[in-house]
Amino acid sequence: PVQIRFENAINYPSGDCHYFISDTQPHLKLRILNTSIEGKAEGKSLVYDYYWQGKRERHLLGQLSKDNKSGITPPKAREVVIGYEALRKQGKHPLQEKQQSIKEITLNSHFEEWKELTKIKPHIIAARGKLPSRSGGLDPSFYKQQLVRYDRHIRNTIGTKSLVTLTTKEIEKWFGNISKNTETESLKCLNLAKQIVIHLLNTNEELERLIPNRFKKIDQSDLNEKLKEQRQLNTVALEHEEFKALWNACGEWHNHVEGLFVKFVMASALRGKNVAHLKLNEIVKLRGRYQIRKKLKKPIITVRFTKTMEDIYKEVLKARNKYPQPKSGYLFPRYEYSRKGSRQEVVGVLELPMTNDNMDRIYKGKNKVEKNNGKTEDGKRIRSVKMRKDGGIRGIAMNTEPTVGKYGLHDIRNTYSTACESEEERARILGHTMGTVAEEHYTDSDKASGYFDRFADKREEILLQLVK
């Protein structure tokens, strides 16, 4: 045992899995999670470790803190443990008062702690050694979606219910009500609630036998299968003339950089979001060919540039010079436009990636606001927003091929998918995992560059057939 002090505890490194350090005060331990960062309090918690009726129990006292505001200090933790131990030696449950308040535990009572977790809340991890600064936590846009999702569907419904008394029947009813309107959203809400309870039980182990995670009992297999079938039915690929019309329309867009963004998506078969988040320093030249190697959605993949991709990349670097902006950051910056009249005038360049709304504006055009005759209770006119089917780059392409209007940006990937001749080609071109042990043999992009060249050449072959 060591005397745990904030000054030494904050510097304990993380390991492959979480571990405990015993304090000189019996039954007080410091828990170091494998996600903790050396020099930071996140991931380091003080725990009361004890036995009750022959079973080992661990009670989270709080995150390591210097001032008892954001967590608990080692001296305060010792004081609390001494009090608990005095009760236990009298034959009383040391957490008797806490057990009485267990019925007050709800999703709402734990959500504030969950959303501030290091692995959840977006943050920047400072550069260290050879490692550059990088993003931590969830993707910022996804994090924002989770907060909105919680407020919309959970906070004022099952979020107020005690997790001890919340029944599976109540959860099924809540889940079914959301499914009636948005089936995919119901699954996302269910998984969000499930993850919050999992964290609650993982960090308060004494609650595991008292609060079951009933969200796990909800059967979602039928809905998953139904949505899978719908995705398969909705999968469409562009015809040759449609693809070509969209490709040519990119050159007619008023902002050349944004036009090249759609063109790069079409040439790379990458998701629009992945291209929007592509940074200049992530593009490197290896063995005579540009490439990117990064985590795209879930897997880490290598994308070797084709001749067309390289030409677009160099053209973007020149086109970016038209607007004053940093020489680093994102390859395709987020532009701000003047809102005066109908002018398409760039008034600013943000050091931020494009959002879904930005990409929709480029590809589909601005949403169309329609005025209705109805009025709200306060007398304001009701306005509805409808997506344009004839705007953006897609709208330009519709001048020659009207059927392009039914395709989204993601359908470009479907076009490549249908043109692939094997599952391996499809996986490598679209950036999917093959789910085999052989996957590990291609993690070193330096040694495997020749292997990935094959699929880059196939991607180029498909593209040239589509745009010729």
# chains A, B, ... in the order shown; residues from 1 in each chain; ligands from 1
$ residues_around --residues "range 246-250 of chain A" --least-positions-apart "6" --cutoff "10 Å" --atoms "only C-alpha atoms" --output "mmCIF file with N, CA, C and O atoms, in the first residue's frame"
data_model
loop_
_atom_site.group_PDB
_atom_site.id
_atom_site.type_symbol
_atom_site.label_atom_id
_atom_site.label_comp_id
_atom_site.auth_asym_id
_atom_site.auth_seq_id
_atom_site.Cartn_x
_atom_site.Cartn_y
_atom_site.Cartn_z
ATOM 1 N N LEU A 238 -26.120 4.425 -60.036
ATOM 2 C CA LEU A 238 -26.318 5.333 -61.168
ATOM 3 C C LEU A 238 -25.987 4.628 -62.475
ATOM 4 O O LEU A 238 -25.035 3.825 -62.548
ATOM 5 N N HIS A 256 -15.449 26.552 -57.055
ATOM 6 C CA HIS A 256 -14.696 25.472 -57.685
ATOM 7 C C HIS A 256 -14.258 24.422 -56.670
ATOM 8 O O HIS A 256 -14.257 23.222 -56.975
ATOM 9 N N VAL A 257 -13.895 24.848 -55.455
ATOM 10 C CA VAL A 257 -13.443 23.901 -54.436
ATOM 11 C C VAL A 257 -14.573 22.952 -54.051
ATOM 12 O O VAL A 257 -14.377 21.737 -53.905
ATOM 13 N N GLU A 258 -15.779 23.484 -53.886
ATOM 14 C CA GLU A 258 -16.917 22.648 -53.520
ATOM 15 C C GLU A 258 -17.297 21.699 -54.657
ATOM 16 O O GLU A 258 -17.705 20.558 -54.415
ATOM 17 N N GLY A 259 -17.160 22.172 -55.899
ATOM 18 C CA GLY A 259 -17.406 21.286 -57.041
ATOM 19 C C GLY A 259 -16.419 20.131 -57.050
ATOM 20 O O GLY A 259 -16.781 18.980 -57.324
ATOM 21 N N LEU A 260 -15.160 20.437 -56.716
ATOM 22 C CA LEU A 260 -14.128 19.400 -56.674
ATOM 23 C C LEU A 260 -14.349 18.440 -55.509
ATOM 24 O O LEU A 260 -13.913 17.287 -55.556
ATOM 25 N N PHE A 261 -15.021 18.914 -54.452
ATOM 26 C CA PHE A 261 -15.356 18.035 -53.328
ATOM 27 C C PHE A 261 -16.223 16.873 -53.811
ATOM 28 O O PHE A 261 -15.955 15.701 -53.515
ATOM 29 N N VAL A 262 -17.299 17.181 -54.548
ATOM 30 C CA VAL A 262 -18.182 16.129 -55.059
ATOM 31 C C VAL A 262 -17.423 15.245 -56.047
ATOM 32 O O VAL A 262 -17.576 14.017 -56.055
ATOM 33 N N LYS A 263 -16.555 15.856 -56.841
ATOM 34 C CA LYS A 263 -15.774 15.088 -57.809
ATOM 35 C C LYS A 263 -14.823 14.118 -57.108
ATOM 36 O O LYS A 263 -14.630 12.982 -57.550
ATOM 37 N N PHE A 264 -14.241 14.560 -55.981
ATOM 38 C CA PHE A 264 -13.331 13.696 -55.227
ATOM 39 C C PHE A 264 -14.095 12.525 -54.613
ATOM 40 O O PHE A 264 -13.599 11.395 -54.574
ATOM 41 N N MET A 266 -16.718 11.185 -55.929
ATOM 42 C CA MET A 266 -17.029 10.295 -57.048
ATOM 43 C C MET A 266 -15.806 9.501 -57.492
ATOM 44 O O MET A 266 -15.933 8.350 -57.924
ATOM 45 N N ALA A 267 -14.615 10.084 -57.388
ATOM 46 C CA ALA A 267 -13.398 9.409 -57.837
ATOM 47 C C ALA A 267 -12.851 8.439 -56.795
ATOM 48 O O ALA A 267 -12.171 7.474 -57.139
ATOM 49 N N ILE A 362 -24.393 21.818 -51.178
ATOM 50 C CA ILE A 362 -23.575 21.683 -52.390
ATOM 51 C C ILE A 362 -24.199 20.683 -53.356
ATOM 52 O O ILE A 362 -24.326 20.961 -54.553
ATOM 53 N N TYR A 363 -24.607 19.544 -52.826
ATOM 54 C CA TYR A 363 -25.087 18.482 -53.703
ATOM 55 C C TYR A 363 -26.557 18.661 -54.095
ATOM 56 O O TYR A 363 -26.926 18.486 -55.258
ATOM 57 N N GLY A 392 -28.475 22.604 -56.351
ATOM 58 C CA GLY A 392 -27.112 22.116 -56.181
ATOM 59 C C GLY A 392 -26.524 21.516 -57.436
ATOM 60 O O GLY A 392 -27.017 21.699 -58.553
ATOM 61 N N ILE A 393 -25.437 20.800 -57.255
ATOM 62 C CA ILE A 393 -24.759 20.140 -58.383
ATOM 63 C C ILE A 393 -25.675 19.095 -59.009
ATOM 64 O O ILE A 393 -25.697 18.922 -60.235
ATOM 65 N N ARG A 394 -26.453 18.433 -58.182
ATOM 66 C CA ARG A 394 -27.398 17.448 -58.716
ATOM 67 C C ARG A 394 -28.412 18.123 -59.629
ATOM 68 O O ARG A 394 -28.799 17.565 -60.674
ATOM 69 N N GLY A 395 -28.850 19.327 -59.255
ATOM 70 C CA GLY A 395 -29.806 20.066 -60.084
ATOM 71 C C GLY A 395 -29.224 20.435 -61.435
ATOM 72 O O GLY A 395 -29.924 20.414 -62.452
ATOM 73 N N ILE A 396 -27.915 20.797 -61.458
ATOM 74 C CA ILE A 396 -27.251 21.111 -62.731
ATOM 75 C C ILE A 396 -27.231 19.875 -63.619
ATOM 76 O O ILE A 396 -27.492 19.937 -64.823
ATOM 77 N N ALA A 397 -26.936 18.700 -63.001
ATOM 78 C CA ALA A 397 -26.883 17.455 -63.772
ATOM 79 C C ALA A 397 -28.253 17.082 -64.328
ATOM 80 O O ALA A 397 -28.361 16.468 -65.403
ATOM 81 N N MET A 398 -29.307 17.494 -63.630
ATOM 82 C CA MET A 398 -30.664 17.150 -64.068
ATOM 83 C C MET A 398 -31.060 17.878 -65.345
ATOM 84 O O MET A 398 -32.029 17.484 -66.015
ATOM 85 N N ASN A 399 -30.325 18.926 -65.711
ATOM 86 C CA ASN A 399 -30.619 19.622 -66.967
ATOM 87 C C ASN A 399 -30.404 18.714 -68.168
ATOM 88 O O ASN A 399 -31.059 18.860 -69.201
ATOM 89 N N THR A 400 -29.459 17.772 -68.027
ATOM 90 C CA THR A 400 -29.192 16.831 -69.135
ATOM 91 C C THR A 400 -29.745 15.439 -68.838
ATOM 92 O O THR A 400 -30.134 14.711 -69.748
ATOM 93 N N GLU A 401 -29.748 15.048 -67.539
ATOM 94 C CA GLU A 401 -30.262 13.736 -67.146
ATOM 95 C C GLU A 401 -31.238 13.921 -65.977
ATOM 96 O O GLU A 401 -30.846 13.874 -64.808
ATOM 97 N N VAL A 404 -31.326 11.955 -62.465
ATOM 98 C CA VAL A 404 -30.289 12.072 -61.427
ATOM 99 C C VAL A 404 -30.900 12.547 -60.109
ATOM 100 O O VAL A 404 -30.372 12.284 -59.021
ATOM 101 N N LEU A 466 -17.257 4.966 -66.434
ATOM 102 C CA LEU A 466 -18.473 5.711 -66.124
ATOM 103 C C LEU A 466 -18.489 7.118 -66.698
ATOM 104 O O LEU A 466 -19.555 7.668 -66.989
ATOM 105 N N VAL A 467 -17.315 7.730 -66.838
ATOM 106 C CA VAL A 467 -17.275 9.131 -67.264
ATOM 107 C C VAL A 467 -16.845 9.316 -68.718
ATOM 108 O O VAL A 467 -16.834 10.448 -69.216
#
$ select_by_dssp --residues "range 112-212 of chain A" --states "strand (DSSP E or B)" --output "ChimeraX atom specification"
/A:123-125,128,131,134-136,162
$ residues_around --residues "Glu185 in chain A" --least-positions-apart "4" --cutoff "10 Å" --atoms "only C-alpha atoms" --output "PDB file with N, CA, C and O atoms, in the first residue's frame"
ATOM      1  N   ARG A 149     -30.985  13.793 -29.107  1.00  0.00           N
ATOM      2  CA  ARG A 149     -31.790  12.566 -29.045  1.00  0.00           C
ATOM      3  C   ARG A 149     -32.257  12.316 -27.604  1.00  0.00           C
ATOM      4  O   ARG A 149     -33.413  11.939 -27.383  1.00  0.00           O
ATOM      5  N   HIS A 153     -36.317  12.312 -26.724  1.00  0.00           N
ATOM      6  CA  HIS A 153     -37.021  11.040 -26.531  1.00  0.00           C
ATOM      7  C   HIS A 153     -36.873  10.401 -25.147  1.00  0.00           C
ATOM      8  O   HIS A 153     -37.627   9.473 -24.832  1.00  0.00           O
ATOM      9  N   PHE A 175     -40.367   2.254 -26.373  1.00  0.00           N
ATOM     10  CA  PHE A 175     -39.668   1.889 -27.604  1.00  0.00           C
ATOM     11  C   PHE A 175     -40.640   1.810 -28.779  1.00  0.00           C
ATOM     12  O   PHE A 175     -40.357   2.303 -29.882  1.00  0.00           O
ATOM     13  N   ILE A 178     -41.816   5.294 -30.174  1.00  0.00           N
ATOM     14  CA  ILE A 178     -40.835   5.942 -31.062  1.00  0.00           C
ATOM     15  C   ILE A 178     -40.805   5.227 -32.407  1.00  0.00           C
ATOM     16  O   ILE A 178     -40.708   5.862 -33.462  1.00  0.00           O
ATOM     17  N   SER A 179     -40.918   3.895 -32.378  1.00  0.00           N
ATOM     18  CA  SER A 179     -40.856   3.095 -33.615  1.00  0.00           C
ATOM     19  C   SER A 179     -41.984   3.432 -34.577  1.00  0.00           C
ATOM     20  O   SER A 179     -41.829   3.303 -35.797  1.00  0.00           O
ATOM     21  N   ASN A 181     -43.106   6.233 -35.451  1.00  0.00           N
ATOM     22  CA  ASN A 181     -42.754   7.379 -36.300  1.00  0.00           C
ATOM     23  C   ASN A 181     -41.409   7.185 -36.994  1.00  0.00           C
ATOM     24  O   ASN A 181     -41.285   7.443 -38.192  1.00  0.00           O
ATOM     25  N   CYS A 189     -32.156   5.324 -29.835  1.00  0.00           N
ATOM     26  CA  CYS A 189     -32.556   5.725 -28.478  1.00  0.00           C
ATOM     27  C   CYS A 189     -32.386   4.573 -27.498  1.00  0.00           C
ATOM     28  O   CYS A 189     -31.916   4.764 -26.372  1.00  0.00           O
ATOM     29  N   LEU A 190     -32.774   3.373 -27.920  1.00  0.00           N
ATOM     30  CA  LEU A 190     -32.644   2.200 -27.062  1.00  0.00           C
ATOM     31  C   LEU A 190     -31.181   1.939 -26.716  1.00  0.00           C
ATOM     32  O   LEU A 190     -30.836   1.687 -25.559  1.00  0.00           O
ATOM     33  N   ASN A 191     -30.316   2.028 -27.725  1.00  0.00           N
ATOM     34  CA  ASN A 191     -28.894   1.787 -27.492  1.00  0.00           C
ATOM     35  C   ASN A 191     -28.268   2.874 -26.625  1.00  0.00           C
ATOM     36  O   ASN A 191     -27.376   2.594 -25.819  1.00  0.00           O
TER      37      ASN A 191
END
$ atom_distance --atom1 "CA of Ala9 in chain A" --atom2 "CA of Leu30 in chain A"
8.0 Å
$ select_by_dssp --residues "range 8-138 of chain A" --states "helix (DSSP H, G or I)" --output "PyMOL selection string"
chain A and resi 8-9+74-89+96-100+102-104+107-115
$ residues_around --residues "Glu104 in chain A" --least-positions-apart "4" --cutoff "12 Å" --atoms "only C-alpha atoms" --output "JSON, numbers by chain"
{"A": [98, 99, 100, 108, 109, 110, 159, 160, 161, 162, 163, 164, 165, 166, 211]}
$ closest_atom_pairs --of "range 3-60 of chain A" --to "range 89-92 of chain A" --cutoff "12 Å" --atoms "only C-alpha atoms" --output "Markdown table"
| residue | atom | partner | partner_atom | distance |
| --- | --- | --- | --- | --- |
| A:Tyr50 | CA | A:Lys89 | CA | 11.5 |
| A:Tyr51 | CA | A:Lys89 | CA | 11.2 |
| A:Trp52 | CA | A:Gly91 | CA | 9.4 |
| A:Gln53 | CA | A:Gly91 | CA | 10.0 |
$ closest_atom_pairs --of "range 165-280 of chain A" --to "range 421-429 of chain A" --cutoff "10 Å" --atoms "only C-alpha atoms" --output "JSON lines"
{"residue": "A:Ser268", "atom": "CA", "partner": "A:Ile429", "partner_atom": "CA", "distance": 8.2}
{"residue": "A:Ala269", "atom": "CA", "partner": "A:Ile429", "partner_atom": "CA", "distance": 7.0}
{"residue": "A:Leu270", "atom": "CA", "partner": "A:Ile429", "partner_atom": "CA", "distance": 8.3}
$ write_last_selection --atoms "C-alpha atoms" --output "PDB file, in the first residue's frame"
ATOM      1  CA  SER A 268     -12.570   7.894 -54.444  1.00  0.00           C
ATOM      2  CA  ALA A 269     -15.848   6.062 -53.632  1.00  0.00           C
ATOM      3  CA  LEU A 270     -15.464   7.368 -50.067  1.00  0.00           C
TER       4      LEU A 270
END
$ residues_around --residues "Leu28 in chain A" --least-positions-apart "2" --cutoff "8 Å" --atoms "only C-alpha atoms" --output "NGL selection string"
:A and (22-26 or 30 or 46-49 or 77-78 or 81)
$ residues_around --residues "Thr73 in chain A" --least-positions-apart "6" --cutoff "12 Å" --atoms "only C-alpha atoms" --output "count of residues only"
21
$ closest_residue --among "A:Leu296, A:Lys228, A:Thr418, A:Pro75" --to "Gln3 in chain A" --atoms "only C-alpha atoms"
A:Pro75
$ atom_distance --atom1 "CA of Val349 in chain A" --atom2 "CA of Arg320 in chain A"
10.2 Å
$ closest_residue --among "A:His27, A:Lys144, A:Lys121, A:Lys314" --to "Arg88 in chain A" --atoms "only C-alpha atoms"
A:His27
